[in-house]
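> You'll find target04.cif just under this line, and it carries mmCIF, C-alpha atoms and all ligand atoms.
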data_upload
#
loop_
_atom_site.label_atom_id
_atom_site.label_comp_id
_atom_site.auth_asym_id
_atom_site.auth_seq_id
_atom_site.Cartn_x
_atom_site.Cartn_y
_atom_site.Cartn_z
CA MET V 1 20.92 6.06 -18.83
CA ASN V 2 20.54 6.87 -15.16
CA LEU V 3 17.79 5.19 -13.08
CA SER V 4 16.65 8.56 -11.72
CA GLN V 5 15.78 9.63 -15.28
CA VAL V 6 13.18 6.85 -15.71
CA GLY V 7 12.14 6.41 -12.06
CA GLU V 8 10.77 3.24 -10.47
CA PHE V 9 7.70 3.02 -12.72
CA GLY V 10 9.54 3.94 -15.93
CA LEU V 11 11.98 1.12 -15.18
CA ILE V 12 9.18 -1.42 -14.61
CA SER V 13 7.54 -0.47 -17.93
CA LEU V 14 10.88 -0.98 -19.71
CA LEU V 15 11.13 -4.48 -18.23
CA ASN V 16 7.52 -5.40 -18.98
CA LYS V 17 8.01 -7.02 -22.39
CA ASP V 18 7.81 -10.66 -23.52
CA LEU V 19 7.24 -11.93 -20.01
CA ILE V 20 4.09 -14.01 -20.59
CA HIS V 21 4.38 -17.25 -22.57
CA SER V 22 1.16 -19.07 -21.57
CA PRO V 23 -1.40 -16.27 -21.63
CA ALA V 24 -4.34 -18.60 -21.02
CA GLY V 25 -3.50 -18.84 -17.32
CA VAL V 26 -2.95 -15.14 -16.73
CA ILE V 27 -6.05 -13.03 -16.16
CA ALA V 28 -4.00 -9.95 -15.19
CA GLY V 29 -0.19 -9.68 -15.15
CA ILE V 30 2.03 -6.71 -14.31
CA GLY V 31 0.30 -3.46 -13.46
CA ASP V 32 -1.89 -4.08 -10.46
CA ASP V 33 -1.31 -4.83 -6.77
CA ALA V 34 -1.17 -8.56 -7.50
CA ALA V 35 -1.28 -10.79 -10.55
CA VAL V 36 -4.58 -12.62 -11.11
CA LEU V 37 -4.24 -16.22 -12.23
CA GLN V 38 -6.68 -18.80 -13.50
CA SER V 39 -7.33 -21.66 -11.09
CA SER V 40 -9.37 -24.84 -11.32
CA GLY V 41 -11.90 -24.12 -8.56
CA ASP V 42 -14.39 -21.29 -8.22
CA CYS V 43 -11.65 -18.90 -7.07
CA TRP V 44 -8.97 -17.00 -8.92
CA GLN V 45 -5.43 -17.07 -7.50
CA LEU V 46 -3.70 -13.83 -6.57
CA PHE V 47 0.10 -13.63 -6.51
CA THR V 48 2.18 -10.72 -5.21
CA THR V 49 5.63 -9.90 -3.85
CA ASP V 50 7.21 -6.97 -2.00
CA MET V 51 10.73 -6.73 -0.65
CA MET V 52 12.15 -4.72 2.25
CA VAL V 53 15.76 -3.52 2.36
CA GLU V 54 17.55 -2.26 5.48
CA GLY V 55 18.28 1.46 5.14
CA ILE V 56 15.50 1.96 2.58
CA HIS V 57 12.40 0.40 4.20
CA PHE V 58 13.54 0.13 7.80
CA ARG V 59 16.42 0.87 10.15
CA LEU V 60 17.36 -1.54 12.88
CA ASP V 61 17.93 1.33 15.32
CA TRP V 62 14.29 2.38 14.73
CA SER V 63 12.57 -1.00 14.70
CA GLY V 64 12.98 -4.36 16.36
CA TYR V 65 13.61 -7.47 14.27
CA SER V 66 10.11 -8.73 15.03
CA ASP V 67 8.66 -5.46 13.65
CA VAL V 68 10.61 -6.00 10.41
CA GLY V 69 9.16 -9.49 10.07
CA TYR V 70 5.67 -8.25 10.89
CA LYS V 71 5.78 -5.45 8.32
CA ALA V 72 7.33 -7.58 5.58
CA LEU V 73 4.27 -9.83 5.56
CA ALA V 74 1.80 -6.99 6.31
CA VAL V 75 2.72 -5.07 3.14
CA ASN V 76 2.19 -8.17 1.02
CA ILE V 77 -1.14 -9.00 2.66
CA SER V 78 -2.12 -5.40 1.87
CA ASP V 79 -1.57 -6.00 -1.87
CA ILE V 80 -3.83 -9.08 -1.73
CA ALA V 81 -6.44 -6.98 0.13
CA ALA V 82 -6.10 -4.35 -2.62
CA MET V 83 -7.44 -6.91 -5.12
CA GLY V 84 -10.37 -7.81 -2.84
CA GLY V 85 -8.74 -11.10 -1.88
CA ARG V 86 -7.85 -13.22 1.10
CA PRO V 87 -4.17 -14.15 1.67
CA THR V 88 -3.40 -17.88 1.76
CA HIS V 89 0.21 -19.10 1.41
CA GLY V 90 3.55 -17.29 1.43
CA VAL V 91 7.28 -17.89 1.09
CA VAL V 92 9.90 -15.76 2.84
CA SER V 93 13.45 -15.10 1.64
CA ILE V 94 16.11 -13.44 3.76
CA ALA V 95 19.59 -12.14 3.00
CA VAL V 96 21.44 -11.79 6.30
CA SER V 97 24.87 -10.43 7.14
CA GLU V 98 27.22 -12.92 8.81
CA HIS V 99 27.44 -10.48 11.75
CA THR V 100 23.73 -10.84 12.59
CA ARG V 101 22.95 -12.75 15.76
CA VAL V 102 20.93 -15.97 15.47
CA GLU V 103 18.58 -14.64 18.16
CA ASP V 104 17.79 -11.65 15.95
CA VAL V 105 16.78 -13.80 12.98
CA VAL V 106 14.64 -15.89 15.32
CA GLU V 107 13.08 -12.63 16.52
CA LEU V 108 12.34 -11.61 12.90
CA TYR V 109 10.40 -14.85 12.55
CA ARG V 110 8.51 -14.14 15.77
CA GLY V 111 7.01 -11.07 14.07
CA LEU V 112 6.35 -13.00 10.88
CA ARG V 113 4.68 -15.81 12.80
CA GLU V 114 2.54 -13.33 14.74
CA ILE V 115 1.03 -11.65 11.69
CA ALA V 116 0.81 -14.94 9.76
CA ARG V 117 -1.30 -16.33 12.60
CA ASN V 118 -3.47 -13.19 12.80
CA TYR V 119 -4.29 -13.27 9.08
CA LYS V 120 -4.24 -17.08 8.71
CA VAL V 121 -1.37 -17.20 6.24
CA ASN V 122 0.66 -20.42 5.90
CA LEU V 123 4.37 -19.78 5.44
CA VAL V 124 5.41 -22.72 3.29
CA GLY V 125 9.03 -22.03 2.29
CA GLY V 126 11.63 -19.47 1.42
CA ASP V 127 15.34 -18.99 0.93
CA THR V 128 18.26 -18.02 3.18
CA VAL V 129 21.43 -16.41 1.86
CA LYS V 130 24.34 -14.27 3.08
CA SER V 131 24.22 -10.52 2.54
CA PRO V 132 27.36 -8.38 2.24
CA GLY V 133 25.68 -5.75 4.42
CA PRO V 134 22.02 -4.78 4.62
CA LEU V 135 19.32 -7.15 5.78
CA VAL V 136 16.88 -7.93 2.96
CA ILE V 137 13.57 -9.69 3.37
CA ASN V 138 11.26 -10.65 0.55
CA VAL V 139 7.83 -12.22 0.80
CA ALA V 140 5.91 -13.74 -2.09
CA LEU V 141 2.29 -14.32 -1.23
CA LEU V 142 -0.64 -16.15 -2.77
CA GLY V 143 -4.23 -15.22 -2.17
CA GLU V 144 -7.62 -16.00 -3.55
CA VAL V 145 -10.69 -14.10 -4.65
CA ALA V 146 -14.02 -15.40 -5.94
CA ALA V 147 -13.75 -15.90 -9.73
CA GLY V 148 -14.70 -12.70 -11.53
CA LYS V 149 -14.65 -10.60 -8.35
CA ALA V 150 -11.09 -9.19 -8.34
CA VAL V 151 -11.14 -5.39 -8.25
CA TYR V 152 -8.47 -3.69 -10.36
CA ARG V 153 -6.96 -0.23 -10.23
CA SER V 154 -8.37 0.50 -13.66
CA GLY V 155 -12.17 0.62 -13.35
CA ALA V 156 -12.84 4.23 -12.28
CA THR V 157 -15.08 6.39 -14.49
CA PRO V 158 -16.00 10.09 -14.24
CA GLY V 159 -18.59 10.72 -11.54
CA ASP V 160 -17.33 7.92 -9.29
CA VAL V 161 -16.64 8.97 -5.71
CA ILE V 162 -13.13 8.43 -4.29
CA TYR V 163 -12.87 6.96 -0.79
CA THR V 164 -10.15 5.89 1.59
CA THR V 165 -10.43 3.59 4.58
CA GLY V 166 -8.98 4.70 7.92
CA ASN V 167 -6.65 7.68 8.41
CA LEU V 168 -3.85 9.03 6.23
CA GLY V 169 -0.47 10.46 7.21
CA THR V 170 -0.24 8.41 10.42
CA SER V 171 2.67 6.30 9.20
CA ALA V 172 4.59 9.38 8.03
CA ALA V 173 4.04 10.92 11.46
CA GLY V 174 5.50 7.73 12.99
CA LEU V 175 8.51 7.89 10.69
CA TYR V 176 8.99 11.54 11.65
CA LEU V 177 8.99 10.69 15.36
CA LEU V 178 11.52 7.89 14.79
CA ALA V 179 13.82 10.26 12.92
CA HIS V 180 13.50 13.31 15.20
CA GLN V 181 13.63 14.05 18.91
CA VAL V 182 10.19 15.49 19.70
CA SER V 183 8.55 15.88 23.09
CA CYS V 184 4.99 14.61 22.81
CA SER V 185 2.63 12.30 24.66
CA PRO V 186 3.71 8.65 24.92
CA GLN V 187 0.23 7.59 23.70
CA LEU V 188 0.62 9.57 20.48
CA LYS V 189 4.16 8.29 20.01
CA ASP V 190 3.07 4.67 20.49
CA ARG V 191 0.10 5.01 18.16
CA VAL V 192 1.85 6.58 15.19
CA ILE V 193 5.08 4.58 15.50
CA ARG V 194 3.01 1.42 15.69
CA ALA V 195 1.13 2.46 12.53
CA HIS V 196 4.49 2.85 10.80
CA LEU V 197 6.18 -0.31 12.08
CA ARG V 198 3.23 -2.69 12.26
CA PRO V 199 0.55 -1.66 9.77
CA GLU V 200 -2.67 -3.68 9.80
CA PRO V 201 -3.67 -4.53 6.22
CA ARG V 202 -7.36 -4.00 5.39
CA VAL V 203 -8.26 -7.57 4.44
CA ALA V 204 -11.84 -7.50 5.74
CA ALA V 205 -12.50 -4.21 3.94
CA GLY V 206 -11.06 -5.52 0.66
CA ILE V 207 -13.14 -8.70 0.77
CA LEU V 208 -16.30 -6.74 1.60
CA LEU V 209 -15.69 -4.16 -1.16
CA ALA V 210 -15.10 -6.91 -3.74
CA SER V 211 -18.41 -8.52 -2.79
CA LEU V 212 -20.40 -5.32 -3.36
CA GLU V 213 -21.70 -3.94 -6.66
CA GLY V 214 -20.37 -0.59 -7.81
CA VAL V 215 -16.81 -0.61 -6.45
CA SER V 216 -14.96 0.33 -9.62
CA ALA V 217 -11.28 0.59 -8.61
CA LEU V 218 -9.23 -0.53 -5.61
CA ASP V 219 -5.62 0.07 -4.59
CA ASP V 220 -3.62 0.04 -1.36
CA ASN V 221 -1.79 3.13 -0.19
CA SER V 222 1.92 2.25 0.04
CA ASP V 223 3.46 5.19 -1.82
CA GLY V 224 1.26 8.08 -0.61
CA LEU V 225 -2.11 9.39 -1.76
CA ALA V 226 -0.58 11.40 -4.64
CA ALA V 227 1.06 8.29 -6.09
CA GLU V 228 -1.96 6.04 -5.65
CA LEU V 229 -4.34 8.62 -7.18
CA ARG V 230 -1.93 8.82 -10.10
CA GLU V 231 -2.06 5.02 -10.46
CA ILE V 232 -5.86 4.85 -10.41
CA CYS V 233 -6.14 7.76 -12.87
CA ARG V 234 -3.51 6.39 -15.24
CA ALA V 235 -4.96 2.88 -15.16
CA GLY V 236 -8.51 4.13 -15.75
CA SER V 237 -7.64 6.98 -18.18
CA VAL V 238 -9.45 9.43 -15.89
CA GLY V 239 -8.64 12.48 -13.78
CA CYS V 240 -9.59 13.33 -10.21
CA LEU V 241 -10.55 16.13 -7.90
CA VAL V 242 -9.79 15.57 -4.22
CA TRP V 243 -10.78 17.83 -1.34
CA GLU V 244 -8.01 18.62 1.16
CA LYS V 245 -10.53 19.45 3.88
CA ALA V 246 -11.99 15.94 3.67
CA PHE V 247 -8.68 14.10 4.19
CA PRO V 248 -9.00 11.92 7.29
CA VAL V 249 -6.04 12.79 9.49
CA LEU V 250 -6.00 12.05 13.23
CA PRO V 251 -6.36 15.33 15.18
CA GLU V 252 -3.25 14.49 17.20
CA VAL V 253 -1.30 13.97 13.96
CA ARG V 254 -2.41 17.43 12.76
CA GLN V 255 -1.31 18.85 16.09
CA LEU V 256 2.05 17.11 15.87
CA ALA V 257 2.64 18.46 12.35
CA ALA V 258 1.83 21.98 13.57
CA GLN V 259 4.14 21.54 16.57
CA VAL V 260 7.15 20.46 14.48
CA GLY V 261 6.47 22.71 11.48
CA ALA V 262 5.71 19.81 9.12
CA SER V 263 2.87 19.70 6.60
CA THR V 264 0.04 17.19 7.04
CA LEU V 265 -0.70 17.56 3.34
CA ASP V 266 2.85 16.38 2.59
CA TRP V 267 2.48 13.45 5.00
CA VAL V 268 -0.83 12.43 3.36
CA MET V 269 0.23 12.89 -0.27
CA ASN V 270 3.90 11.86 -0.18
CA GLY V 271 4.41 10.02 3.12
CA GLY V 272 3.05 6.61 2.12
CA GLU V 273 2.95 3.34 4.03
CA ASP V 274 -0.52 3.95 5.47
CA TYR V 275 -1.69 0.67 3.88
CA GLU V 276 -5.25 1.92 3.79
CA LEU V 277 -7.44 1.02 0.79
CA LEU V 278 -8.23 3.69 -1.78
CA PHE V 279 -11.36 2.89 -3.78
CA THR V 280 -13.81 4.44 -6.20
CA LEU V 281 -17.53 3.90 -6.16
CA ARG V 282 -20.37 4.47 -8.64
CA PRO V 283 -22.45 7.33 -7.17
CA ASP V 284 -25.74 5.38 -7.31
CA ARG V 285 -24.16 2.77 -4.99
CA ARG V 286 -22.94 5.16 -2.29
CA LYS V 287 -25.71 4.54 0.19
CA ALA V 288 -25.63 0.74 -0.01
CA VAL V 289 -21.83 0.47 0.18
CA GLU V 290 -21.51 3.05 2.96
CA GLU V 291 -24.13 1.17 4.98
CA ALA V 292 -22.31 -2.14 4.47
CA LEU V 293 -19.00 -0.59 5.61
CA HIS V 294 -20.72 0.94 8.65
CA ARG V 295 -22.24 -2.41 9.59
CA ALA V 296 -18.81 -4.07 9.30
CA GLY V 297 -17.23 -1.38 11.51
CA ILE V 298 -14.81 -0.27 8.77
CA PRO V 299 -13.93 3.45 8.92
CA PHE V 300 -14.02 5.27 5.57
CA THR V 301 -14.13 8.80 4.15
CA ALA V 302 -15.14 10.23 0.77
CA ILE V 303 -12.18 12.36 -0.34
CA GLY V 304 -13.02 13.36 -3.91
CA VAL V 305 -14.50 12.49 -7.29
CA ILE V 306 -13.28 11.06 -10.58
CA VAL V 307 -13.37 13.55 -13.47
CA PRO V 308 -12.64 13.22 -17.22
CA GLU V 309 -8.98 12.59 -18.07
CA GLN V 310 -8.49 15.96 -19.76
CA GLU V 311 -9.26 17.77 -16.47
CA GLY V 312 -6.13 16.23 -14.94
CA LEU V 313 -5.44 15.54 -11.27
CA LEU V 314 -6.68 18.36 -9.06
CA ILE V 315 -6.81 19.19 -5.38
CA GLU V 316 -9.23 21.67 -3.86
CA ARG V 317 -7.26 23.37 -1.09
CA ARG V 318 -8.85 24.37 2.22
CA ASN V 319 -9.32 27.94 0.96
CA GLY V 320 -11.35 26.70 -2.02
CA THR V 321 -8.71 27.19 -4.72
CA ARG V 322 -8.10 24.34 -7.14
CA GLU V 323 -4.54 23.34 -7.97
CA VAL V 324 -2.97 20.70 -10.14
CA ILE V 325 -1.52 17.93 -7.95
CA THR V 326 2.23 18.23 -8.39
CA MET V 327 3.14 15.95 -5.49
CA LYS V 328 4.40 12.59 -6.65
CA GLY V 329 4.46 10.29 -3.62
CA TYR V 330 7.28 7.85 -2.93
CA ASN V 331 9.45 6.67 -5.85
CA HIS V 332 12.54 4.51 -5.27
CA PHE V 333 14.73 6.24 -7.84
CA THR V 334 13.61 9.85 -7.68
CA GLU V 335 13.68 10.32 -3.90
N1 LIG J 401 11.10 -6.06 -11.34
C1 LIG J 401 9.83 -6.28 -11.74
N2 LIG J 401 9.56 -7.18 -12.73
C2 LIG J 401 8.29 -7.40 -13.11
N3 LIG J 401 7.21 -6.78 -12.59
C3 LIG J 401 7.43 -5.88 -11.62
C4 LIG J 401 8.74 -5.59 -11.15
N4 LIG J 401 8.63 -4.66 -10.17
C5 LIG J 401 7.31 -4.39 -10.03
N5 LIG J 401 6.58 -5.12 -10.90
C6 LIG J 401 5.12 -5.07 -11.08
O1 LIG J 401 4.75 -3.72 -11.32
C7 LIG J 401 3.50 -3.41 -10.71
C8 LIG J 401 3.68 -2.22 -9.78
O2 LIG J 401 4.55 -2.57 -8.71
P1 LIG J 401 4.47 -1.81 -7.34
O3 LIG J 401 4.37 -0.35 -7.60
O4 LIG J 401 5.58 -2.31 -6.47
O5 LIG J 401 3.08 -2.32 -6.76
P2 LIG J 401 2.60 -2.14 -5.28
O6 LIG J 401 2.83 -0.67 -4.96
O7 LIG J 401 1.15 -2.50 -5.33
O8 LIG J 401 3.41 -3.06 -4.42
C9 LIG J 401 3.04 -4.68 -10.00
O9 LIG J 401 2.11 -5.34 -10.83
C10 LIG J 401 4.33 -5.49 -9.86
O10 LIG J 401 4.09 -6.88 -9.88
C1 LIG J 402 14.38 4.07 7.22
C2 LIG J 402 13.20 4.45 6.37
N1 LIG J 402 13.30 5.50 5.53
C3 LIG J 402 12.24 5.81 4.72
C4 LIG J 402 11.08 5.10 4.78
C5 LIG J 402 9.90 5.50 3.91
N2 LIG J 402 9.64 4.56 2.81
C6 LIG J 402 10.47 3.58 2.44
S1 LIG J 402 9.83 2.65 1.19
C7 LIG J 402 8.41 3.59 1.12
C8 LIG J 402 7.31 3.34 0.12
C9 LIG J 402 6.77 1.95 0.10
O1 LIG J 402 7.73 1.00 -0.31
P1 LIG J 402 7.70 0.31 -1.74
O2 LIG J 402 8.87 -0.60 -1.83
O3 LIG J 402 7.56 1.36 -2.83
O4 LIG J 402 6.36 -0.53 -1.62
P2 LIG J 402 5.28 -0.88 -2.73
O5 LIG J 402 4.75 0.43 -3.26
O6 LIG J 402 5.99 -1.69 -3.79
O7 LIG J 402 4.24 -1.66 -2.01
C10 LIG J 402 8.47 4.60 2.06
C11 LIG J 402 7.42 5.63 2.27
C12 LIG J 402 11.03 4.02 5.68
N3 LIG J 402 9.94 3.24 5.81
N4 LIG J 402 12.09 3.74 6.47
MG MG J 403 -0.13 -2.07 -3.83
MG MG J 404 5.45 -3.53 -4.81
MG MG J 405 2.99 -3.16 -2.21
#
Represent the structure of the file as C-alpha cells.


Amino acid sequence: MNLSQVGEFGLISLLNKDLIHSPAGVIAGIGDDAAVLQSSGDCWQLFTTDMMVEGIHFRLDWSGYSDVGYKALAVNISDIAAMGGRPTHGVVSIAVSEHTRVEDVVELYRGLREIARNYKVNLVGGDTVKSPGPLVINVALLGEVAAGKAVYRSGATPGDVIYTTGNLGTSAAGLYLLAHQVSCSPQLKDRVIRAHLRPEPRVAAGILLASLEGVSALDDNSDGLAAELREICRAGSVGCLVWEKAFPVLPEVRQLAAQVGASTLDWVMNGGEDYELLFTLRPDRRKAVEEALHRAGIPFTAIGVIVPEQEGLLIERRNGTREVITMKGYNHFTE
C-alpha cells in the first residue's frame, strides 16, 4: 500500500497498537499534542517530540541555521503549551551532512540556545549522526502541568465557543514571501517571515487557560485551522461552525494576499505553522476567561461554535452561506 493512500494520520493509527506495557504510568498516550505521564510530585509530566527535515520543514536558502535551531525547539514548546504546560528539559538530535561547515552547526545551536534561554528550557542531551543529504533535527521535550489540569483536544461539547489566540495565516504569508519575488514593504516582509521562521509558542496563554474553569479543549495550530478543527472535532465526537469573517488575519496580510492573487482563507485553513492556540470554552465561562486573557495581554478571537457531530464541520462564508469544510490542512503524505 502507498503512504498517500493512508496519509500521515492513517499511518499513525496503524502504528498505534501494543505500544503501552505499563499503563499505570500513562495518563494519556498517543493522540494529543504531548503524552501525559504520572509523576511523583503534584505535577504531571508532559512528553513530546517533533522533527524538522531540510526540504520539508525548512530550506537553508530561506532560513539561517540559527532560525532552524530556534524553530525546532519552538514547535516542541508549542506542543507543551497546547497541553497547558510549562516546558522543562529537552534533548536535541541532529543528522548532518559531512559537507556542512562546523560554524553552521554552531550557528544552529545559537538559535537553540536563544529560545531555550527565553523559555527556560534546559537542553540536557541529544545525539549527533551523519546524514547522507538533508539536515534533520529532532527535539524531544519534557514539560509539566499541575496534576489534573492538562487540557486535551477531546473535551469540546456542543455550544462551546471556539477561540484562537493571535493571528492566523501570518506564517503562510511568510512562506509565500520566501518562495516568491514580491515587492512589498520591508516591515511587512520582516514581520511575516519572522512569524514563519521564528514562531513564539504561546506558553503563557496555555498555562493561563489550563488554570481557568471551562476551557474544554486545547490544541496548537501547526497544520492549519482546517486540520486542527478536524482534530478537535474528531477527538471530541463533535462538529463545528466557524465564521470566516471572524478569522483574525493581519490587515497587511490580507492586502498582500490580494496583491499576489492568493487566498487568505487558504493561508488560514491550510497554511499551518502559526503555532497559535486553538481552544474551546463553555459559554457560561466566556466573560471570566476573556477578562483573564485581557488582563494577561493575550490576544484572542472567537471564531465559531461547537455543534453536534452529525452537523459536520461547517464554515459560514463572508456572504452568509454555509459550506462543509473541505480543506484539509497540511498532511505529510497527501501534499
Ligand atoms: N511515529 C509515531 N509513533 C508513535 N506515535 C506517533 C508517531 N507519530 C506521531 N505520533 C503521535 O501521534 C499524535 C499526533 O501527532 P502530530 O500530528 O505530529 O501531533 P502535533 O501536530 O501536535 O505535533 C501525537 O500524540 C504523537 O505523539
Ligand atoms: C521549505 C518549506 N516548505 C513547506 C513548508 C510548510 N510546512 C512544512 S511542515 C508543515 C506543517 C507542520 O509540520 P509537522 O511536521 O506536520 O508538525 P506537527 O503537526 O507534527 O507539529 C508545513 C505547513 C515549510 N515550512 N518549509
Ligand atoms: Mg500539536
Ligand atoms: Mg508532531
Ligand atoms: Mg507539533

> Ranking V:Tyr152, V:Trp243, V:Phe300, V:Tyr119 by minimum distance to ligand LIG 401 (chain J) and counting all atoms listed in the file, which one comes first?

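The closest residue to ligand LIG 401 (chain J) is V:Tyr152.
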
> Return as a PyMOL selection string every polymer residue, whether protein, DNA or RNA, with at least one atom no more than 9 Å from an atom of ligand LIG 402 (chain J); count only C-alpha atoms and all ligand atoms.

chain V and resi 8+33+49-60+62+75-76+78-79+171-172+175+178-179+196-197+220-224+270-275+329-332

> Quick check, in Å to one decimal: how far apart do CA of Leu177 (chain V) and CA of Pro251 (chain V) lie?

16.0 Å

> Which protein, DNA or RNA residues are at most 10 Å from (-15.2, -1.3, -1.0) in the file's coordinates when you count only C-alpha atoms, listed as a PyMOL selection string?

chain V and resi 82+84+151+163-165+204-218+277-281+289-290+292-293+298+300

> How about saving the chosen residues, C-alpha atoms kept, as a PDB file, keeping the file's coordinate frame?


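Okay, this is what ended up in selection-v1.pdb:
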ATOM      1  CA  ALA V  82      -6.100  -4.350  -2.620  1.00  0.00           C
ATOM      2  CA  GLY V  84     -10.370  -7.810  -2.840  1.00  0.00           C
ATOM      3  CA  VAL V 151     -11.140  -5.390  -8.250  1.00  0.00           C
ATOM      4  CA  TYR V 163     -12.870   6.960  -0.790  1.00  0.00           C
ATOM      5  CA  THR V 164     -10.150   5.890   1.590  1.00  0.00           C
ATOM      6  CA  THR V 165     -10.430   3.590   4.580  1.00  0.00           C
ATOM      7  CA  ALA V 204     -11.840  -7.500   5.740  1.00  0.00           C
ATOM      8  CA  ALA V 205     -12.500  -4.210   3.940  1.00  0.00           C
ATOM      9  CA  GLY V 206     -11.060  -5.520   0.660  1.00  0.00           C
ATOM     10  CA  ILE V 207     -13.140  -8.700   0.770  1.00  0.00           C
ATOM     11  CA  LEU V 208     -16.300  -6.740   1.600  1.00  0.00           C
ATOM     12  CA  LEU V 209     -15.690  -4.160  -1.160  1.00  0.00           C
ATOM     13  CA  ALA V 210     -15.100  -6.910  -3.740  1.00  0.00           C
ATOM     14  CA  SER V 211     -18.410  -8.520  -2.790  1.00  0.00           C
ATOM     15  CA  LEU V 212     -20.400  -5.320  -3.360  1.00  0.00           C
ATOM     16  CA  GLU V 213     -21.700  -3.940  -6.660  1.00  0.00           C
ATOM     17  CA  GLY V 214     -20.370  -0.590  -7.810  1.00  0.00           C
ATOM     18  CA  VAL V 215     -16.810  -0.610  -6.450  1.00  0.00           C
ATOM     19  CA  SER V 216     -14.960   0.330  -9.620  1.00  0.00           C
ATOM     20  CA  ALA V 217     -11.280   0.590  -8.610  1.00  0.00           C
ATOM     21  CA  LEU V 218      -9.230  -0.530  -5.610  1.00  0.00           C
ATOM     22  CA  LEU V 277      -7.440   1.020   0.790  1.00  0.00           C
ATOM     23  CA  LEU V 278      -8.230   3.690  -1.780  1.00  0.00           C
ATOM     24  CA  PHE V 279     -11.360   2.890  -3.780  1.00  0.00           C
ATOM     25  CA  THR V 280     -13.810   4.440  -6.200  1.00  0.00           C
ATOM     26  CA  LEU V 281     -17.530   3.900  -6.160  1.00  0.00           C
ATOM     27  CA  VAL V 289     -21.830   0.470   0.180  1.00  0.00           C
ATOM     28  CA  GLU V 290     -21.510   3.050   2.960  1.00  0.00           C
ATOM     29  CA  ALA V 292     -22.310  -2.140   4.470  1.00  0.00           C
ATOM     30  CA  LEU V 293     -19.000  -0.590   5.610  1.00  0.00           C
ATOM     31  CA  ILE V 298     -14.810  -0.270   8.770  1.00  0.00           C
ATOM     32  CA  PHE V 300     -14.020   5.270   5.570  1.00  0.00           C
TER      33      PHE V 300
END

> So, counting all atoms listed in the file, which residue among V:Leu11, V:Ala156, V:Val6, V:Val161 is closest to Ala302 (chain V)?

V:Val161

> Select, from V:Asp266, V:Glu244, V:Asp104, V:Glu276, the residue with the minimum atom-to-atom distance to ligand MG 403 (chain J), counting only C-alpha atoms and all ligand atoms.

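Looking only at the distances to ligand MG 403 (chain J), the closest residue turns out to be V:Glu276.
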
> Which of these residues is nearest to Gly174 (chain V), using all atoms listed in the file: V:Ser131, V:Ser154, V:Asn122, V:Ser63?

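Of the candidates, the smallest distance to Gly174 (chain V) is held by V:Ser63.
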
> I'd like the interatomic distance between CA of Met83 (chain V) and CA of Glu228 (chain V), to a tenth of an Å.

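Between CA of Met83 (chain V) and CA of Glu228 (chain V) the gap is 14.1 Å.
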
> Considering only C-alpha atoms and all ligand atoms, can you say which of V:Ala74, V:Ile94, V:Ile193, V:Leu313 comes closest to ligand MG 405 (chain J)?

V:Ala74
